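Note: the block below is my_file-v7.cif and it holds mmCIF, C-alpha atoms and all ligand atoms.
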data_my_file
#
loop_
_atom_site.label_atom_id
_atom_site.label_comp_id
_atom_site.auth_asym_id
_atom_site.auth_seq_id
_atom_site.Cartn_x
_atom_site.Cartn_y
_atom_site.Cartn_z
CA MET Z 1 -10.05 1.85 16.71
CA ASP Z 2 -10.24 5.63 17.16
CA GLU Z 3 -7.59 7.95 15.88
CA VAL Z 4 -6.04 8.62 19.28
CA SER Z 5 -5.43 5.03 20.28
CA ALA Z 6 -4.43 3.82 16.80
CA PRO Z 7 -0.73 2.96 16.80
CA ILE Z 8 1.37 5.10 14.47
CA PRO Z 9 2.59 2.71 11.78
CA GLU Z 10 6.32 2.37 11.27
CA PRO Z 11 7.73 3.23 7.84
CA GLY Z 12 7.75 0.04 5.86
CA ASP Z 13 4.62 -1.13 7.64
CA ALA Z 14 2.46 -2.34 4.78
CA ALA Z 15 -0.58 -1.07 6.70
CA ALA Z 16 0.71 2.51 6.64
CA PRO Z 17 -1.37 4.64 4.26
CA LEU Z 18 0.30 5.16 0.89
CA ARG Z 19 0.02 8.44 -0.97
CA VAL Z 20 1.10 9.23 -4.50
CA TRP Z 21 1.87 12.90 -5.05
CA LYS Z 22 3.19 14.86 -8.00
CA PHE Z 23 4.79 18.30 -7.89
CA GLY Z 24 5.21 20.26 -11.10
CA GLY Z 25 8.02 22.50 -12.25
CA THR Z 26 6.84 25.64 -10.45
CA SER Z 27 6.48 23.78 -7.14
CA VAL Z 28 10.13 22.69 -7.30
CA GLY Z 29 11.32 25.83 -9.13
CA ASP Z 30 14.00 26.81 -6.59
CA LEU Z 31 15.58 25.49 -3.40
CA ASP Z 32 13.13 27.34 -1.15
CA ARG Z 33 10.19 25.77 -2.91
CA ILE Z 34 11.86 22.36 -2.73
CA ARG Z 35 12.25 22.88 1.04
CA LYS Z 36 8.53 23.69 1.27
CA VAL Z 37 7.61 20.55 -0.62
CA ALA Z 38 9.89 18.59 1.74
CA SER Z 39 8.14 20.13 4.78
CA ARG Z 40 4.74 19.15 3.47
CA ILE Z 41 5.94 15.58 2.92
CA ALA Z 42 7.58 15.55 6.38
CA ARG Z 43 4.27 16.41 8.07
CA HIS Z 44 2.64 13.37 6.50
CA VAL Z 45 5.56 11.09 7.32
CA ALA Z 46 5.24 12.21 10.96
CA ARG Z 47 1.69 10.81 10.88
CA GLY Z 48 3.02 7.43 9.82
CA GLU Z 49 2.21 7.70 6.13
CA ARG Z 50 4.33 6.43 3.24
CA LEU Z 51 4.66 8.59 0.15
CA VAL Z 52 5.71 8.00 -3.40
CA VAL Z 53 6.38 11.39 -4.91
CA THR Z 54 6.99 12.29 -8.53
CA VAL Z 55 8.57 15.58 -9.50
CA SER Z 56 9.07 17.54 -12.68
CA ALA Z 57 12.23 19.35 -13.66
CA MET Z 58 12.78 22.67 -11.86
CA GLY Z 59 10.94 25.62 -13.41
CA ARG Z 60 11.63 25.91 -17.12
CA GLU Z 61 14.65 23.58 -17.00
CA THR Z 62 13.34 21.25 -19.73
CA ASP Z 63 12.94 24.21 -22.12
CA ARG Z 64 16.47 25.30 -21.28
CA LEU Z 65 17.86 21.83 -22.06
CA VAL Z 66 15.98 21.69 -25.37
CA ARG Z 67 17.33 25.14 -26.30
CA MET Z 68 20.89 24.03 -25.59
CA ALA Z 69 20.46 20.99 -27.83
CA ARG Z 70 18.98 23.17 -30.61
CA ASP Z 71 21.82 25.63 -30.31
CA LEU Z 72 24.12 22.78 -31.23
CA VAL Z 73 22.04 21.24 -33.99
CA ALA Z 74 18.79 22.29 -35.66
CA ARG Z 75 17.14 18.88 -35.37
CA PRO Z 76 18.65 17.09 -32.39
CA ASP Z 77 18.79 13.31 -32.44
CA ARG Z 78 15.75 12.20 -30.44
CA ARG Z 79 17.61 9.57 -28.43
CA GLU Z 80 20.19 12.08 -27.25
CA LEU Z 81 17.53 14.71 -26.61
CA ASP Z 82 15.75 12.22 -24.33
CA ALA Z 83 18.97 11.44 -22.49
CA LEU Z 84 19.41 15.19 -21.97
CA MET Z 85 15.83 16.09 -21.02
CA ALA Z 86 15.52 13.25 -18.51
CA THR Z 87 18.32 14.79 -16.43
CA GLY Z 88 16.00 17.66 -15.42
CA GLU Z 89 13.72 15.38 -13.43
CA GLN Z 90 16.67 13.38 -12.08
CA ARG Z 91 18.15 16.54 -10.58
CA SER Z 92 14.92 17.49 -8.85
CA THR Z 93 14.46 14.02 -7.33
CA ALA Z 94 17.92 14.08 -5.79
CA LEU Z 95 17.49 17.66 -4.53
CA LEU Z 96 14.13 16.82 -2.96
CA CYS Z 97 15.62 13.78 -1.21
CA LEU Z 98 18.47 15.93 0.13
CA ALA Z 99 15.95 18.51 1.37
CA LEU Z 100 14.00 15.73 3.09
CA GLN Z 101 17.13 14.31 4.67
CA ALA Z 102 17.94 17.81 5.96
CA GLN Z 103 14.60 17.60 7.77
CA ASP Z 104 15.46 14.14 9.16
CA VAL Z 105 13.13 12.33 6.77
CA ARG Z 106 14.62 9.26 5.14
CA ALA Z 107 14.02 9.32 1.41
CA ARG Z 108 15.44 7.73 -1.72
CA SER Z 109 15.38 8.94 -5.30
CA LEU Z 110 14.88 6.71 -8.33
CA THR Z 111 15.09 7.42 -12.05
CA GLY Z 112 12.12 6.31 -14.13
CA GLY Z 113 14.01 3.21 -15.23
CA GLN Z 114 14.96 2.31 -11.66
CA ALA Z 115 11.32 2.75 -10.66
CA GLY Z 116 10.25 0.12 -13.20
CA PHE Z 117 8.94 2.26 -16.06
CA HIS Z 118 9.27 0.26 -19.27
CA THR Z 119 8.40 2.20 -22.40
CA SER Z 120 8.20 1.96 -26.15
CA ASP Z 121 11.18 3.30 -28.09
CA LEU Z 122 9.39 6.28 -29.64
CA HIS Z 123 11.80 8.84 -28.23
CA GLY Z 124 10.14 12.05 -27.13
CA GLU Z 125 6.64 10.50 -27.10
CA ALA Z 126 7.25 7.09 -25.58
CA ARG Z 127 4.34 5.10 -24.24
CA ILE Z 128 4.42 3.30 -20.94
CA LEU Z 129 4.27 -0.42 -21.65
CA GLU Z 130 4.60 -1.63 -18.08
CA VAL Z 131 5.31 -0.33 -14.61
CA ASP Z 132 6.99 -2.89 -12.40
CA PRO Z 133 6.55 -1.48 -8.87
CA SER Z 134 8.83 -3.99 -7.14
CA ARG Z 135 11.80 -1.65 -6.61
CA VAL Z 136 9.60 1.13 -5.24
CA LEU Z 137 7.89 -1.32 -2.88
CA GLU Z 138 11.23 -2.70 -1.78
CA GLU Z 139 12.52 0.80 -0.98
CA LEU Z 140 9.36 1.53 0.99
CA THR Z 141 10.22 -1.27 3.38
CA SER Z 142 13.20 0.76 4.61
CA VAL Z 143 12.32 4.41 3.94
CA PRO Z 144 8.96 6.20 4.14
CA VAL Z 145 9.47 8.34 1.03
CA VAL Z 146 10.48 7.33 -2.49
CA VAL Z 147 10.92 10.11 -5.03
CA VAL Z 148 10.58 9.04 -8.66
CA ALA Z 149 11.78 11.08 -11.62
CA GLY Z 150 8.77 11.97 -13.75
CA PHE Z 151 8.45 12.01 -17.53
CA GLN Z 152 10.75 9.05 -18.27
CA GLY Z 153 11.31 5.36 -18.53
CA VAL Z 154 13.59 2.94 -20.30
CA THR Z 155 13.12 1.09 -23.58
CA LYS Z 156 13.74 -2.62 -23.92
CA ASN Z 157 17.33 -1.76 -24.90
CA GLY Z 158 17.78 0.10 -21.63
CA ASP Z 159 17.83 3.52 -23.33
CA VAL Z 160 16.20 6.45 -21.58
CA ALA Z 161 12.97 7.61 -23.24
CA THR Z 162 10.66 10.49 -22.31
CA LEU Z 163 6.86 10.44 -22.27
CA GLY Z 164 6.09 13.70 -24.10
CA ARG Z 165 6.09 17.23 -22.71
CA GLY Z 166 4.06 17.43 -19.52
CA GLY Z 167 4.50 13.68 -19.02
CA SER Z 168 5.25 13.74 -15.29
CA ASP Z 169 1.50 13.77 -14.68
CA THR Z 170 1.34 10.44 -16.47
CA THR Z 171 4.20 9.08 -14.37
CA ALA Z 172 2.23 9.91 -11.22
CA VAL Z 173 -1.00 8.30 -12.39
CA ALA Z 174 0.79 5.20 -13.67
CA LEU Z 175 2.60 4.84 -10.34
CA ALA Z 176 -0.64 5.16 -8.42
CA ALA Z 177 -2.17 2.43 -10.58
CA ALA Z 178 0.83 0.12 -10.30
CA LEU Z 179 0.99 0.57 -6.52
CA GLY Z 180 -2.74 0.18 -6.06
CA ALA Z 181 -2.96 3.58 -4.36
CA GLU Z 182 -6.47 4.88 -3.90
CA GLU Z 183 -5.66 8.41 -5.02
CA CYS Z 184 -3.15 10.35 -7.02
CA GLU Z 185 -2.76 13.99 -6.00
CA ILE Z 186 -1.25 16.45 -8.45
CA PHE Z 187 0.06 19.75 -7.11
CA THR Z 188 0.55 22.61 -9.54
CA ASP Z 189 0.59 26.39 -9.67
CA THR Z 190 -3.19 26.81 -9.93
CA ASP Z 191 -5.66 25.78 -7.25
CA GLY Z 192 -7.65 23.54 -9.54
CA VAL Z 193 -8.88 22.90 -13.03
CA TYR Z 194 -10.62 25.90 -14.63
CA THR Z 195 -12.91 26.28 -17.62
CA THR Z 196 -9.91 27.72 -19.43
CA ASP Z 197 -6.36 28.80 -18.55
CA PRO Z 198 -6.80 31.10 -15.50
CA HIS Z 199 -3.47 32.78 -16.22
CA LEU Z 200 -4.73 33.92 -19.62
CA VAL Z 201 -8.41 34.46 -18.82
CA PRO Z 202 -8.88 35.97 -15.34
CA ARG Z 203 -12.64 35.33 -15.47
CA ALA Z 204 -12.15 31.58 -15.93
CA ALA Z 205 -14.21 29.61 -13.40
CA ARG Z 206 -12.83 26.85 -11.24
CA LEU Z 207 -14.53 23.50 -11.68
CA ASP Z 208 -15.55 21.82 -8.41
CA VAL Z 209 -15.77 18.46 -10.09
CA VAL Z 210 -14.58 17.40 -13.50
CA ASP Z 211 -15.21 13.96 -14.93
CA TYR Z 212 -12.72 12.00 -17.00
CA ASP Z 213 -14.33 12.79 -20.36
CA GLU Z 214 -14.44 16.54 -19.72
CA MET Z 215 -10.87 16.50 -18.43
CA LEU Z 216 -9.68 14.50 -21.40
CA GLU Z 217 -11.30 17.01 -23.74
CA LEU Z 218 -9.70 19.95 -21.93
CA ALA Z 219 -6.30 18.23 -22.00
CA GLN Z 220 -6.58 17.33 -25.67
CA LEU Z 221 -7.53 20.91 -26.52
CA GLY Z 222 -4.23 21.90 -24.98
CA ALA Z 223 -5.01 22.71 -21.32
CA GLN Z 224 -1.56 22.17 -19.93
CA VAL Z 225 -2.83 21.52 -16.43
CA LEU Z 226 -2.95 17.74 -17.04
CA HIS Z 227 -1.18 15.59 -19.59
CA PRO Z 228 -3.83 13.88 -21.80
CA ARG Z 229 -2.33 10.45 -21.27
CA ALA Z 230 -2.49 10.93 -17.50
CA VAL Z 231 -6.25 11.40 -17.78
CA TRP Z 232 -6.58 8.46 -20.10
CA TYR Z 233 -4.55 6.31 -17.72
CA ALA Z 234 -6.53 7.47 -14.68
CA ARG Z 235 -9.79 6.56 -16.37
P1 LIG H 301 3.24 21.73 -13.82
O1 LIG H 301 4.66 22.10 -14.02
O2 LIG H 301 2.78 21.80 -12.39
O3 LIG H 301 2.87 20.43 -14.49
P2 LIG H 301 2.03 23.15 -16.03
O4 LIG H 301 2.59 24.48 -16.42
O5 LIG H 301 2.35 21.96 -16.88
O6 LIG H 301 2.41 22.89 -14.51
O7 LIG H 301 0.43 23.24 -15.94
C1 LIG H 301 -0.17 24.21 -15.11
C2 LIG H 301 -0.61 25.37 -15.98
O8 LIG H 301 -1.66 24.95 -16.83
C3 LIG H 301 -1.20 26.52 -15.21
O9 LIG H 301 -0.21 27.42 -14.79
C4 LIG H 301 -2.15 27.15 -16.21
O10 LIG H 301 -1.58 28.33 -16.78
C5 LIG H 301 -2.28 26.11 -17.31
N1 LIG H 301 -3.65 25.78 -17.67
C6 LIG H 301 -4.10 25.68 -18.94
N2 LIG H 301 -5.38 25.37 -18.97
C7 LIG H 301 -5.80 25.27 -17.69
C8 LIG H 301 -7.06 24.96 -17.08
N3 LIG H 301 -8.14 24.69 -17.82
N4 LIG H 301 -7.13 24.94 -15.73
C9 LIG H 301 -6.02 25.18 -14.99
N5 LIG H 301 -4.81 25.49 -15.50
C10 LIG H 301 -4.69 25.52 -16.84
N1 LIG H 302 9.68 18.52 -17.43
C1 LIG H 302 8.83 18.00 -18.48
C2 LIG H 302 8.26 19.14 -19.29
O1 LIG H 302 8.56 20.30 -19.02
C3 LIG H 302 7.77 17.08 -17.97
C4 LIG H 302 6.77 17.69 -16.99
O2 LIG H 302 7.02 18.75 -16.45
O3 LIG H 302 5.75 17.05 -16.75
O4 LIG H 302 7.55 18.90 -20.22
MG MG H 303 2.59 19.93 -16.48
#

Would you kindly transcribe this structure into structure tokens?
Ligand code: ADP
Ligand code: ASP
Ligand code: MG
Amino acid sequence: MDEVSAPIPEPGDAAAPLRVWKFGGTSVGDLDRIRKVASRIARHVARGERLVVTVSAMGRETDRLVRMARDLVARPDRRELDALMATGEQRSTALLCLALQAQDVRARSLTGGQAGFHTSDLHGEARILEVDPSRVLEELTSVPVVVVAGFQGVTKNGDVATLGRGGSDTTAVALAAALGAEECEIFTDTDGVYTTDPHLVPRAARLDVVDYDEMLELAQLGAQVLHPRAVWYAR
């Protein structure tokens, strides 16, 4: 069937293409940027696509939360620090859903726990043990967009745990895997992966293609652009 005569799938139609997108802190850094992210999503929804979107906390919000905790106590309790840090992503998911609704796109936000992320109890560096996609899939039968809070899950006790700084990338890749999506697209403030940090080294070259091993090496050497576990998971 050619593109013109193909029927536009209804949201909830299991045949509708499913995308998994992730927007980092800069992309959702203020309300204007959140509106722009919403517009980009809206254009794809208008084509009949379904999207599962993960977002980071706004701008440097996570750093701000950590600083507040450290102002209170030199070595904050890791469980409480996780409960605090996870709120950054929860705020951006709700704000993005509101921005989508303002553009007449139906969308629902979920915390990591609601989205089925089960983790170990190593607070601050928790590992994903399982992603149960059933709630996300259920939501997608009634709305075209589900927005999942990145960087977090719940332990077997039901406590909130975070995945390590930069962990929203891992949330996105794990969601794509659990949903059987063909791709996982990560939007950030650079237009690709470079040989080294393009903000520090202006002559850094953009890589057209980067394989998993090279990317893992870059990430492990500290290239912030992708969380090492996201690369490991993707591979
Ligand atoms: P996000 O909030 O979107 O996850 P991050 O700040 O975590 O964004 O990661 C993007 C940043 O990673 C870029 O702004 C860039 O300064 C830095 N970076 C470090 N190494 C690289 C690299 N090799 N290629 C691209 N960006 C890199
Ligand atoms: N907000 C978290 C951080 O700043 C997670 C992320 O952005 O991926 O580390
Ligand atoms: Mg990051």

Give me, as number ranges by chain, all polymer residues having an atom no more than 7 Å from Tyr194 in chain Z, counting only C-alpha atoms and skipping those fewer than 5 positions away in the same chain.
Z: 204-207

Return as number ranges by chain the residues of protein, DNA or RNA that approach ligand LIG 301 (chain H) to within 9 Å, with all atoms listed in the file taken into account.
Z: 22-28, 55-60, 165-169, 186-200, 204-207, 215, 218-219, 222-227

Tell me, in Å to one decimal, how far atom O4 of ligand LIG 302 (chain H) is from CA of Val209 in chain Z.
25.4 Å

Contact residues around Val131 in chain Z with all atoms listed in the file at 8 Å, ignoring same-chain residues under 5 positions, as a count of residues only
7

How close does range 128-188 of chain Z get to range 65-81 of chain Z? List, as JSON lines, each residue of range 128-188 of chain Z within 10 Å, its nearest atom pair and the distance in Å to one decimal, counting all atoms listed in the file.
{"residue": "Z:Asp159", "atom": "CA", "partner": "Z:Arg79", "partner_atom": "CA", "distance": 7.9}
{"residue": "Z:Val160", "atom": "CA", "partner": "Z:Arg79", "partner_atom": "CA", "distance": 7.7}
{"residue": "Z:Ala161", "atom": "CA", "partner": "Z:Arg79", "partner_atom": "CA", "distance": 7.2}
{"residue": "Z:Thr162", "atom": "CA", "partner": "Z:Leu81", "partner_atom": "CA", "distance": 9.1}

Measuring between all atoms listed in the file, which one of Z:Ala83, Z:Ala126, Z:Ile34, Z:Cys184 shows the shortest distance to Thr111 in chain Z?
Z:Ala83

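The smallest atom-to-atom distance between ligand LIG 302 (chain H) and any of Z:Ser39, Z:Thr171, Z:Ser109, Z:Gln103, using all atoms listed in the file, is found for Z:Thr171.
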
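Atom pair CA of Leu51 in chain Z / CA of Arg19 in chain Z has a distance of 4.8 Å (rounded to one decimal).
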